[in-house]
Amino acid sequence: MRRQETSDFERILSWMMLAGVAIAAAVLIVGLVLFLTGRPAEPILTTGLFVLMGTPALRVAVAIVEARRQRDWVFVGATFAVVVLLGLTLFVALQR
Amino acid sequence: MLITPSVIVLVTAAGAVAGCLGALLGIGGGVFLVPFLQFVVGLPLNVASGVGLMTVIATSSVVSSGSAGRQLVNLRLGMLLQVAASSSALTAAVLVVRLPERSLFILFSLVTATIAGLMLARLERRNVLTDPAADPGPLGGRFYEAESGREVVYRVRRLPTALGVSLVAGFVSGSLGIGGGILQVPALNAWCGVPLRAAAATSAVMIGVTAVSSAPVYYSRGDVSAPLAAAAVLGVLAGSRAGFWFGARARAKWLKLLMAGVLGTVSLTYLLKAW
């Protein structure tokens, strides 16, 4: 059954999410300390926030691989649509 | 506005309190943080929302990594609903600067009143099939429930309703910067047959993706102040840790009552501001 595989997949995903948040938090702490001591901090803070925003996006990207592996086409279609929407968000953001 | 060290400390502390309450009540801290940033710190609503979105992403990633390996997250249902939530979140992010501030205040007032009401009348109903061999259907799922020591199976009913609620939740998230989970979880549970835990775990994943569907637009518009967002995110991360710790030790019924009162006040404040 694919239940066990899904469970392993979930475990890897959740580990990735936690790692993403931990890295983002570490970078943000460094950035905030720089900011508070009056040094240039914007690039570091921005990096931290981008890592943070990338975490859920990465999860979606991995989900599409998993959906394909399961040959579950409704799942593939939905996940693909979400990826397209995230791409559209990025496109709209870069237009400004 | 000028960001002084004392503002950073204030925002970090506010994030910690909001994160702690959010974790205790299971509703995410944005609904407390955004009004605080607006009314106490004095940020414009769009900037407060931008900061709120960043904290929603952090909360989502932390909470959804905590549900590891328990098969609670129904990613298949989640991704289907995500299509609706992400579309409306992006639409809201683009639209929000064109909407009169007044309409956002009214929306905020409505949302907080709804949450307060839901908190007072928490719908707790079992939506499970007791036969483990039952067919969960194309979108349902199954997970192991520790209390009963059994595998629980559920089917998803009323998919159009779930999609509609996700549309609303996405719009609320994209325009107000709070996670839409508090609207989605009770709806999925009460109307669509998803057990509370599976609904909460699935929603925890969704709110992060929903926030990422609008956050870059806020960012490029300059509505995400990096130092304030960093302060709020770190505060929320620390606060939600504390909230889970407390939550495992105390059943906070009075807290729910108190917070329903706070949210009612927030709702009234926004209503009065819109007047």
# chains A, B, ... in the order shown; residues from 1 in each chain; ligands from 1
$ closest_atom_pairs --of "chain B" --to "chain A" --cutoff "8 Å" --atoms "only C-alpha atoms" --output "tab-separated table"
residue	atom	partner	partner_atom	distance
B:Pro5	CA	A:Leu36	CA	6.1
B:Met54	CA	A:Leu49	CA	7.6
B:Ile57	CA	A:Met53	CA	6.8
B:Ala58	CA	A:Val21	CA	6.6
B:Ser61	CA	A:Met17	CA	5.4
B:Val62	CA	A:Leu18	CA	6.1
B:Ser64	CA	A:Ser14	CA	6.7
B:Ser65	CA	A:Ser14	CA	4.0
B:Gly66	CA	A:Ser14	CA	7.2
B:Ser67	CA	A:Ser14	CA	7.7
B:Ala68	CA	A:Arg11	CA	5.2
B:Gly69	CA	A:Ser7	CA	5.0
B:Arg70	CA	A:Ser7	CA	7.2
B:Gln71	CA	A:Ser7	CA	6.1
B:Arg76	CA	A:Phe75	CA	5.5
B:Met79	CA	A:Thr79	CA	5.6
B:Leu80	CA	A:Ala78	CA	5.1
B:Gln82	CA	A:Val82	CA	6.6
B:Val83	CA	A:Val82	CA	5.4
B:Ser86	CA	A:Leu85	CA	6.7
B:Ser87	CA	A:Leu85	CA	6.7
B:Leu90	CA	A:Thr89	CA	6.3
B:Val205	CA	A:Pro56	CA	7.7
B:Gly208	CA	A:Pro56	CA	5.8
B:Val209	CA	A:Pro56	CA	5.3
B:Val212	CA	A:Met53	CA	6.0
B:Ser213	CA	A:Leu86	CA	5.6
B:Ser214	CA	A:Thr89	CA	6.6
B:Ala215	CA	A:Met53	CA	7.9
B:Pro216	CA	A:Ala93	CA	5.7
B:Val217	CA	A:Ala93	CA	4.4
B:Tyr218	CA	A:Ala93	CA	7.8
B:Tyr219	CA	A:Ala93	CA	7.6
B:Ser220	CA	A:Ala93	CA	5.5
B:Arg221	CA	A:Arg96	CA	7.0
B:Ala226	CA	A:Leu45	CA	5.9
B:Pro227	CA	A:Leu32	CA	6.4
B:Ala230	CA	A:Leu28	CA	5.7
B:Ala231	CA	A:Leu32	CA	7.3
B:Val233	CA	A:Ala25	CA	7.9
B:Leu234	CA	A:Ala25	CA	6.5
$ closest_residue --among "B:Ala211, B:Pro100, B:Ala162, B:Ile182" --to "Ala274 of chain B" --atoms "only C-alpha atoms"
B:Pro100
$ select_by_dssp --residues "segment 104-275 of chain B" --states "helix (DSSP H, G or I)" --output "VMD selection string"
chain B and resid 104 to 120 159 to 176 181 to 191 196 to 212 215 to 220 226 to 247 253 to 274
$ residues_around --residues "segment 265-273 of chain B" --least-positions-apart "6" --cutoff "8 Å" --atoms "only C-alpha atoms" --output "PDB file with all heavy atoms, in the first residue's frame"
ATOM      1  N   PRO B  35      -3.860  43.617  14.572  1.00  0.00           N
ATOM      2  CA  PRO B  35      -4.474  44.788  15.220  1.00  0.00           C
ATOM      3  C   PRO B  35      -3.515  45.503  16.172  1.00  0.00           C
ATOM      4  O   PRO B  35      -3.521  46.732  16.231  1.00  0.00           O
ATOM      5  CB  PRO B  35      -5.646  44.203  16.014  1.00  0.00           C
ATOM      6  CG  PRO B  35      -5.887  42.873  15.454  1.00  0.00           C
ATOM      7  CD  PRO B  35      -4.610  42.394  14.875  1.00  0.00           C
ATOM      8  N   ARG B 102     -11.652  51.477   4.624  1.00  0.00           N
ATOM      9  CA  ARG B 102     -12.864  51.230   5.381  1.00  0.00           C
ATOM     10  C   ARG B 102     -13.408  49.816   5.167  1.00  0.00           C
ATOM     11  O   ARG B 102     -13.836  49.148   6.113  1.00  0.00           O
ATOM     12  CB  ARG B 102     -13.910  52.244   4.897  1.00  0.00           C
ATOM     13  CG  ARG B 102     -14.796  52.705   5.995  1.00  0.00           C
ATOM     14  CD  ARG B 102     -15.726  53.777   5.499  1.00  0.00           C
ATOM     15  NE  ARG B 102     -17.015  53.492   6.085  1.00  0.00           N
ATOM     16  CZ  ARG B 102     -18.168  53.793   5.522  1.00  0.00           C
ATOM     17  NH1 ARG B 102     -18.189  54.371   4.354  1.00  0.00           N
ATOM     18  NH2 ARG B 102     -19.267  53.503   6.138  1.00  0.00           N
ATOM     19  N   PHE B 105     -11.451  47.392   7.117  1.00  0.00           N
ATOM     20  CA  PHE B 105     -11.800  47.437   8.541  1.00  0.00           C
ATOM     21  C   PHE B 105     -13.064  46.623   8.800  1.00  0.00           C
ATOM     22  O   PHE B 105     -13.154  45.884   9.774  1.00  0.00           O
ATOM     23  CB  PHE B 105     -12.021  48.883   9.010  1.00  0.00           C
ATOM     24  CG  PHE B 105     -10.747  49.677   9.122  1.00  0.00           C
ATOM     25  CD1 PHE B 105     -10.776  51.057   9.263  1.00  0.00           C
ATOM     26  CD2 PHE B 105      -9.512  49.039   9.091  1.00  0.00           C
ATOM     27  CE1 PHE B 105      -9.605  51.781   9.373  1.00  0.00           C
ATOM     28  CE2 PHE B 105      -8.338  49.762   9.200  1.00  0.00           C
ATOM     29  CZ  PHE B 105      -8.389  51.139   9.332  1.00  0.00           C
ATOM     30  N   ILE B 106     -14.038  46.780   7.912  1.00  0.00           N
ATOM     31  CA  ILE B 106     -15.294  46.030   8.077  1.00  0.00           C
ATOM     32  C   ILE B 106     -15.029  44.530   7.951  1.00  0.00           C
ATOM     33  O   ILE B 106     -15.533  43.730   8.744  1.00  0.00           O
ATOM     34  CB  ILE B 106     -16.353  46.510   7.048  1.00  0.00           C
ATOM     35  CG1 ILE B 106     -16.773  47.943   7.402  1.00  0.00           C
ATOM     36  CG2 ILE B 106     -17.554  45.580   7.027  1.00  0.00           C
ATOM     37  CD1 ILE B 106     -17.677  48.602   6.395  1.00  0.00           C
ATOM     38  N   PHE B 108     -12.220  42.985   8.578  1.00  0.00           N
ATOM     39  CA  PHE B 108     -11.506  42.563   9.785  1.00  0.00           C
ATOM     40  C   PHE B 108     -12.484  42.395  10.941  1.00  0.00           C
ATOM     41  O   PHE B 108     -12.424  41.430  11.719  1.00  0.00           O
ATOM     42  CB  PHE B 108     -10.425  43.586  10.155  1.00  0.00           C
ATOM     43  CG  PHE B 108      -9.212  42.966  10.788  1.00  0.00           C
ATOM     44  CD1 PHE B 108      -7.956  43.131  10.213  1.00  0.00           C
ATOM     45  CD2 PHE B 108      -9.317  42.216  11.938  1.00  0.00           C
ATOM     46  CE1 PHE B 108      -6.837  42.556  10.775  1.00  0.00           C
ATOM     47  CE2 PHE B 108      -8.195  41.639  12.518  1.00  0.00           C
ATOM     48  CZ  PHE B 108      -6.961  41.809  11.930  1.00  0.00           C
ATOM     49  N   SER B 109     -13.407  43.342  11.042  1.00  0.00           N
ATOM     50  CA  SER B 109     -14.408  43.299  12.108  1.00  0.00           C
ATOM     51  C   SER B 109     -15.261  42.032  12.000  1.00  0.00           C
ATOM     52  O   SER B 109     -15.497  41.333  12.984  1.00  0.00           O
ATOM     53  CB  SER B 109     -15.273  44.550  12.030  1.00  0.00           C
ATOM     54  OG  SER B 109     -16.292  44.489  12.985  1.00  0.00           O
ATOM     55  N   LEU B 110     -15.694  41.730  10.775  1.00  0.00           N
ATOM     56  CA  LEU B 110     -16.508  40.533  10.537  1.00  0.00           C
ATOM     57  C   LEU B 110     -15.734  39.263  10.893  1.00  0.00           C
ATOM     58  O   LEU B 110     -16.264  38.369  11.553  1.00  0.00           O
ATOM     59  CB  LEU B 110     -16.912  40.461   9.057  1.00  0.00           C
ATOM     60  CG  LEU B 110     -18.117  41.288   8.622  1.00  0.00           C
ATOM     61  CD1 LEU B 110     -18.294  41.191   7.112  1.00  0.00           C
ATOM     62  CD2 LEU B 110     -19.368  40.769   9.334  1.00  0.00           C
ATOM     63  N   VAL B 111     -14.468  39.207  10.431  1.00  0.00           N
ATOM     64  CA  VAL B 111     -13.670  38.003  10.652  1.00  0.00           C
ATOM     65  C   VAL B 111     -13.430  37.773  12.136  1.00  0.00           C
ATOM     66  O   VAL B 111     -13.617  36.657  12.645  1.00  0.00           O
ATOM     67  CB  VAL B 111     -12.325  38.087   9.891  1.00  0.00           C
ATOM     68  CG1 VAL B 111     -11.377  36.976  10.305  1.00  0.00           C
ATOM     69  CG2 VAL B 111     -12.567  38.030   8.394  1.00  0.00           C
ATOM     70  N   THR B 112     -13.048  38.843  12.867  1.00  0.00           N
ATOM     71  CA  THR B 112     -12.773  38.658  14.295  1.00  0.00           C
ATOM     72  C   THR B 112     -14.046  38.299  15.053  1.00  0.00           C
ATOM     73  O   THR B 112     -14.012  37.490  15.980  1.00  0.00           O
ATOM     74  CB  THR B 112     -12.104  39.904  14.920  1.00  0.00           C
ATOM     75  OG1 THR B 112     -12.742  41.069  14.412  1.00  0.00           O
ATOM     76  CG2 THR B 112     -10.627  39.951  14.606  1.00  0.00           C
ATOM     77  N   ALA B 113     -15.184  38.887  14.641  1.00  0.00           N
ATOM     78  CA  ALA B 113     -16.453  38.534  15.301  1.00  0.00           C
ATOM     79  C   ALA B 113     -16.773  37.056  15.055  1.00  0.00           C
ATOM     80  O   ALA B 113     -17.197  36.337  15.962  1.00  0.00           O
ATOM     81  CB  ALA B 113     -17.579  39.421  14.794  1.00  0.00           C
TER      82      ALA B 113
END
$ select_by_dssp --residues "segment 89-240 of chain B" --states "strand (DSSP E)" --output "number ranges by chain"
B: 141-145, 150-154
$ residues_around --residues "segment 258-263 of chain B" --least-positions-apart "4" --cutoff "9 Å" --atoms "only C-alpha atoms" --output "ChimeraX atom specification"
/B:21,25,31-32,112-113,115-120,253-254,267-268
$ write_last_selection --atoms "N, CA and C atoms" --output "compact mmCIF listing (two decimals), in the first residue's frame"
# COMPACT_ATOMS: atom_id res chain seq x y z
N LEU B 21 -0.49 32.81 22.51
CA LEU B 21 -1.96 32.71 22.49
C LEU B 21 -2.43 31.87 21.32
N LEU B 25 -4.56 28.49 21.70
CA LEU B 25 -5.93 28.43 21.20
C LEU B 25 -6.03 27.71 19.87
N VAL B 31 -4.18 37.08 14.19
CA VAL B 31 -5.42 37.79 14.48
C VAL B 31 -5.25 38.72 15.70
N PHE B 32 -4.25 38.44 16.54
CA PHE B 32 -3.94 39.35 17.65
C PHE B 32 -2.85 40.35 17.24
N THR B 112 -13.05 38.84 12.87
CA THR B 112 -12.77 38.66 14.30
C THR B 112 -14.05 38.30 15.05
N ALA B 113 -15.18 38.89 14.64
CA ALA B 113 -16.45 38.53 15.30
C ALA B 113 -16.77 37.06 15.06
N ILE B 115 -14.62 34.64 14.42
CA ILE B 115 -13.70 33.81 15.20
C ILE B 115 -14.13 33.75 16.67
N ALA B 116 -14.51 34.93 17.20
CA ALA B 116 -14.96 34.98 18.60
C ALA B 116 -16.17 34.06 18.79
N GLY B 117 -17.10 34.14 17.84
CA GLY B 117 -18.29 33.30 17.92
C GLY B 117 -17.95 31.82 17.85
N LEU B 118 -17.05 31.48 16.90
CA LEU B 118 -16.64 30.08 16.75
C LEU B 118 -15.97 29.57 18.00
N MET B 119 -15.18 30.47 18.62
CA MET B 119 -14.45 30.06 19.81
C MET B 119 -15.42 29.73 20.94
N LEU B 120 -16.49 30.51 21.01
CA LEU B 120 -17.48 30.29 22.06
C LEU B 120 -18.30 29.03 21.81
N LYS B 253 -9.86 26.77 29.32
CA LYS B 253 -11.22 27.14 28.91
C LYS B 253 -11.48 28.62 29.17
N TRP B 254 -11.02 29.07 30.35
CA TRP B 254 -11.21 30.48 30.69
C TRP B 254 -10.46 31.38 29.72
N SER B 267 -13.01 43.45 17.19
CA SER B 267 -14.04 43.54 16.16
C SER B 267 -14.78 44.87 16.24
N LEU B 268 -15.13 45.25 17.46
CA LEU B 268 -15.86 46.50 17.69
C LEU B 268 -15.00 47.71 17.32
$ residues_around --residues "Val236 of chain B" --least-positions-apart "3" --cutoff "8 Å" --atoms "only C-alpha atoms" --output "number ranges by chain"
B: 12, 15-20, 29, 55, 58-59, 232-233, 239-240
$ atom_distance --atom1 "atom CA of Val7 of chain B" --atom2 "atom CA of Phe39 of chain B"
13.5 Å
$ atom_distance --atom1 "atom CA of Trp73 of chain A" --atom2 "atom CA of Pro138 of chain B"
11.5 Å
